[in-house]
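**Student:** Just passing along the structure, written as C-alpha cells.
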Amino acid sequence: MKDSNIAMEQDALFSFLDYRLRILLLLLLPPPPPGQVSDGSMMLYPDGHTLGELDSTVLTLAVLEGNKVPATHWKAYKRVDKRWPKYHLVSRVEKLVRRARERLREENETDCKVDCAQYHQGRREAFLEWIVYLENPAFLDLIDFAPASDWLPRYSVERLSLARGFKKRQEAAKRSARYRAKRKEQKRLKIFTPKSVTHLQR
C-alpha cells in the first residue's frame, strides 16, 4: 500500500512537471499566429521569472530521472531532453539562443538604439545571467555580443570565468586528439609502406 501511494505521488508530480514545462516552453517560443512565418518574439527577451521557472522545472525532472544532481545546468537540460524527447528541449533552447544572438548583433550594429527602454535592458541582463548559469561553452559568445553597459553579478562573472576555462580545455583536448590521430596515421603509413615503393619515392 505504501509503495502504491509513493508511485501515485510520483505520477502526480511528473504530470505537474510535464504540464509546467510545456507551458513554459510555449511562453519562451510561442508558435507564430496563423498565416505568419514569425511571431515577432525577438522584440523582447524572455523575462527572468520565466527563465527561472524553466530552470527549476528542468532541474527537478533531471534529479527525479537520474537520482543525482547534474554537474551543470546544461547537463540537466540534456538529460531531460534524452529522457523525454517529445519536449525538444535542447533544440528549443538552442533556437532561443540563436534568436538572442541575432538580436544582440542587431543592437550592436545600431549602437543599442533599438528598444533600449529600462525593462528591455533588464530582460537582456536576466537572459545573459541565465546563459552564464547554463554553463554551455557553445553559448558564451552571447556575453561577448552584449553591450558594455550590461552588468553581471559577481557570482555570474565567476561562473562565466569557469565556463570559459572549461571551453578552452575542451578546445585544447580536441587539438591534442587531432594531433595524436594524425601522428598515428603517419606511423601506420610508414609501417605498411612497401620498401620498394619507399625506394622509388627516393
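We label chains A, B, ... in the order they appear in the C-alpha cells, count residues from 1 in each chain, and number ligands from 1 in the order shown.
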Excluding Ile131 in chain A and residues on its chain fewer than 3 positions from it, collect all residues at most 12 Å away from it, counting only C-alpha atoms, and give them as an NGL selection string.
**Tutor:** :A and (46 or 48 or 51-52 or 55 or 72-74 or 93-94 or 96-97 or 100-101 or 124-128 or 134-144 or 146 or 152 or 156-157 or 159-160 or 163)
**Student:** Given the choices A:Ile6, A:Pro70, A:Arg175, A:Leu26, which gets closest to His88 in chain A if the distance is worked out from only C-alpha atoms?
**Tutor:**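 Going through A:Ile6, A:Pro70, A:Arg175, A:Leu26 one by one, the smallest distance to His88 in chain A is for A:Leu26.
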**Student:** Considering only C-alpha atoms, return as an MDAnalysis selection string whatever protein or nucleic-acid residues lie within 9 Å of range 83-85 of chain A, sequence-local ones (same chain, fewer than 5 positions apart) excluded.
**Tutor:** chainID A and resid 62 65 78
**Student:** Would you pick out the contacts of Gly66 in chain A at 12 Å or less, using only C-alpha atoms, so that residues sharing its chain but fewer than 3 positions from it are not included, and give the list as a PyMOL selection string?
**Tutor:** chain A and resi 59-63+69-71+75-76+78-80+82-83
**Student:** Which value, in Å to one decimal, gives the distance between CA of Leu21 in chain A and CA of Glu53 in chain A?
**Tutor:** 8.7 Å
**Student:** List the spatial neighbours of His49 in chain A as a list in words - criterion: any atom at most 12 Å away, only C-alpha atoms, same-chain residues fewer than 6 positions off excluded.
**Tutor:**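 Contacts, in chain order: Leu24, Leu27, Leu28, Asp55, Ser56, Gly122, Arg123, Ala126, Phe127 and Trp130 of chain A.
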